[in-house]
Amino acid sequence: MPPKKRARSSAKSNKHTDADAQHSEVSDDVAQLKTGKRKSHWLMKSEAESRIENGVDVKFGIEDLKSLPNQTGCWDGVRNYQARNFMRDMKVGQQAFFYHSNCKEPGIAGLMKIVKEAYVDHTQFDTKDAHYDPSSKADNPKWSMVDVQFERMTKRFIPLTELKKYHLQHKAKGEPLKDMALFTRARLSVQPLTAEEFDFVLSLENEDPR
């Protein structure tokens, strides 16, 4: 699939270019694995409303993905080491929530699946792209991306405010969303979900909003 030169992620505000930052975030990955957070499902954030950065509109909502050929696009523009590493862990066929961020009502809008595993993100070399990284070299690229395909909209939009209520309840009771990365590592634009977390969140589409 030809790469799409459009931003897929709100991670650009989390740029890290020094070795210490990379080491710290890789250590976070290791710590997360030790705590048993298996990376089998994902939550991926993208900006749902127009915002111009370096002359480029970085908006990319779920309807934009849905409108692409084969409803498939590359998830480019991730500029955070830990989020990048999570994408490198993704496997074809795994599911992810499409999360609308940086908008009036952030939350989960739908589902997509990984259809191509991590490869070089071309936007890091494009001087006209909002996510150009002059410190990344062609012979040693820093950043990766995956291809995702639209699966379906959730039966209803699941807002962040609702998820937060469950997180606080579950934190007190030791239930599924107690350690959800959306609240424990909120800055990450690409986040792992356990099967238990994923299933609980998905079940909410059949519940009345609260």
# chains A, B, ... in the order shown; residues from 1 in each chain; ligands from 1

call {"tool": "select_by_dssp", "arguments": {"residues": "region 97-191 of chain A", "states": "helix (DSSP H, G or I)", "output": "ChimeraX atom specification"}}
result
/A:122-125,160-173,181-184

call {"tool": "residues_around", "arguments": {"residues": "Asp208 (chain A)", "least_positions_apart": "3", "cutoff": "10 Å", "atoms": "only C-alpha atoms", "output": "PDB file with all heavy atoms, in the first residue's frame"}}
result
ATOM      1  N   ARG A 156     -21.572   2.848  19.934  1.00  0.00           N
ATOM      2  CA  ARG A 156     -21.714   4.227  20.406  1.00  0.00           C
ATOM      3  C   ARG A 156     -20.324   4.744  20.724  1.00  0.00           C
ATOM      4  O   ARG A 156     -19.393   3.974  20.984  1.00  0.00           O
ATOM      5  CB  ARG A 156     -22.626   4.334  21.635  1.00  0.00           C
ATOM      6  CG  ARG A 156     -22.055   3.709  22.900  1.00  0.00           C
ATOM      7  CD  ARG A 156     -22.968   3.935  24.089  1.00  0.00           C
ATOM      8  NE  ARG A 156     -22.445   3.326  25.323  1.00  0.00           N
ATOM      9  CZ  ARG A 156     -21.631   3.940  26.181  1.00  0.00           C
ATOM     10  NH1 ARG A 156     -21.234   5.184  25.957  1.00  0.00           N
ATOM     11  NH2 ARG A 156     -21.216   3.330  27.273  1.00  0.00           N
ATOM     12  N   LEU A 204     -18.704  -1.941  26.851  1.00  0.00           N
ATOM     13  CA  LEU A 204     -19.406  -0.694  27.170  1.00  0.00           C
ATOM     14  C   LEU A 204     -20.264  -0.187  26.019  1.00  0.00           C
ATOM     15  O   LEU A 204     -21.215   0.569  26.241  1.00  0.00           O
ATOM     16  CB  LEU A 204     -18.393   0.392  27.575  1.00  0.00           C
ATOM     17  CG  LEU A 204     -17.572   0.128  28.843  1.00  0.00           C
ATOM     18  CD1 LEU A 204     -16.611   1.279  29.087  1.00  0.00           C
ATOM     19  CD2 LEU A 204     -18.471  -0.089  30.044  1.00  0.00           C
ATOM     20  N   GLU A 205     -19.948  -0.604  24.788  1.00  0.00           N
ATOM     21  CA  GLU A 205     -20.741  -0.122  23.663  1.00  0.00           C
ATOM     22  C   GLU A 205     -22.181  -0.613  23.728  1.00  0.00           C
ATOM     23  O   GLU A 205     -23.067  -0.051  23.093  1.00  0.00           O
ATOM     24  CB  GLU A 205     -20.098  -0.527  22.322  1.00  0.00           C
ATOM     25  CG  GLU A 205     -20.117  -2.000  22.023  1.00  0.00           C
ATOM     26  CD  GLU A 205     -19.555  -2.343  20.670  1.00  0.00           C
ATOM     27  OE1 GLU A 205     -19.287  -1.433  19.864  1.00  0.00           O
ATOM     28  OE2 GLU A 205     -19.375  -3.550  20.394  1.00  0.00           O
TER      29      GLU A 205
END

call {"tool": "residues_around", "arguments": {"residues": "Leu111 (chain A)", "least_positions_apart": "3", "cutoff": "7 Å", "atoms": "only C-alpha atoms", "output": "MDAnalysis selection string"}}
result
chainID A and resid 95:98 150:154

call {"tool": "atom_distance", "arguments": {"atom1": "CA of Thr123 (chain A)", "atom2": "CA of Arg187 (chain A)"}}
result
21.3 Å

call {"tool": "residues_around", "arguments": {"residues": "region 131-133 of chain A", "least_positions_apart": "6", "cutoff": "7 Å", "atoms": "only C-alpha atoms", "output": "PDB file with C-alpha atoms, in the first residue's frame"}}
result
ATOM      1  CA  LYS A  12       4.505  14.765  17.882  1.00  0.00           C
ATOM      2  CA  GLY A  77       4.085  10.577  12.747  1.00  0.00           C
ATOM      3  CA  THR A 123       7.668  11.206   7.103  1.00  0.00           C
ATOM      4  CA  GLN A 124      10.775  11.525   9.276  1.00  0.00           C
ATOM      5  CA  PHE A 125      12.767  12.367   6.115  1.00  0.00           C
TER       6      PHE A 125
END

call {"tool": "select_by_dssp", "arguments": {"residues": "region 85-207 of chain A", "states": "strand (DSSP E)", "output": "NGL selection string"}}
result
:A and (95-101 or 107-120 or 144-159 or 190-193)

call {"tool": "write_last_selection", "arguments": {"atoms": "C-alpha atoms", "output": "short mmCIF file (atom, residue, chain, number, x, y, z; two decimals), in the first residue's frame"}}
result
data_model
loop_
_atom_site.label_atom_id
_atom_site.label_comp_id
_atom_site.auth_asym_id
_atom_site.auth_seq_id
_atom_site.Cartn_x
_atom_site.Cartn_y
_atom_site.Cartn_z
CA GLN A 95 -7.09 -5.19 17.07
CA ALA A 96 -6.85 -1.60 18.23
CA PHE A 97 -9.29 1.02 19.40
CA PHE A 98 -9.27 4.20 17.33
CA TYR A 99 -9.20 6.96 19.92
CA HIS A 100 -10.06 10.55 19.05
CA SER A 101 -7.74 12.92 20.93
CA GLY A 107 -12.82 8.97 23.39
CA ILE A 108 -13.08 5.71 21.48
CA ALA A 109 -14.79 5.94 18.11
CA GLY A 110 -14.20 2.55 16.55
CA LEU A 111 -12.02 -0.46 15.90
CA MET A 112 -9.27 -1.20 13.43
CA LYS A 113 -6.77 -4.00 12.90
CA ILE A 114 -3.06 -4.18 12.18
CA VAL A 115 -2.52 -5.26 8.58
CA LYS A 116 1.22 -4.56 8.18
CA GLU A 117 3.85 -4.79 10.88
CA ALA A 118 6.34 -2.04 11.66
CA TYR A 119 8.43 -0.54 8.89
CA VAL A 120 10.27 2.75 8.32
CA SER A 144 8.54 3.29 12.49
CA MET A 145 4.91 2.98 11.50
CA VAL A 146 2.36 0.24 10.88
CA ASP A 147 -0.57 -0.08 8.51
CA VAL A 148 -4.06 -0.25 9.96
CA GLN A 149 -7.43 -1.07 8.44
CA PHE A 150 -10.83 0.17 9.55
CA GLU A 151 -13.02 -2.57 10.99
CA ARG A 152 -16.10 -0.82 12.33
CA MET A 153 -17.42 2.04 14.38
CA THR A 154 -18.25 1.22 17.97
CA LYS A 155 -22.01 0.97 18.52
CA ARG A 156 -21.71 4.23 20.41
CA PHE A 157 -18.90 6.67 21.07
CA ILE A 158 -17.21 5.81 24.39
CA PRO A 159 -15.97 9.09 25.91
CA VAL A 190 0.05 4.23 21.24
CA GLN A 191 -0.83 2.11 24.24
CA PRO A 192 -1.12 -1.61 25.00
CA LEU A 193 -4.28 -3.16 26.41
#

call {"tool": "closest_residue", "arguments": {"among": "A:Lys164, A:His41, A:Lys66, A:Arg79", "to": "Leu188 (chain A)", "atoms": "only C-alpha atoms"}}
result
A:Arg79
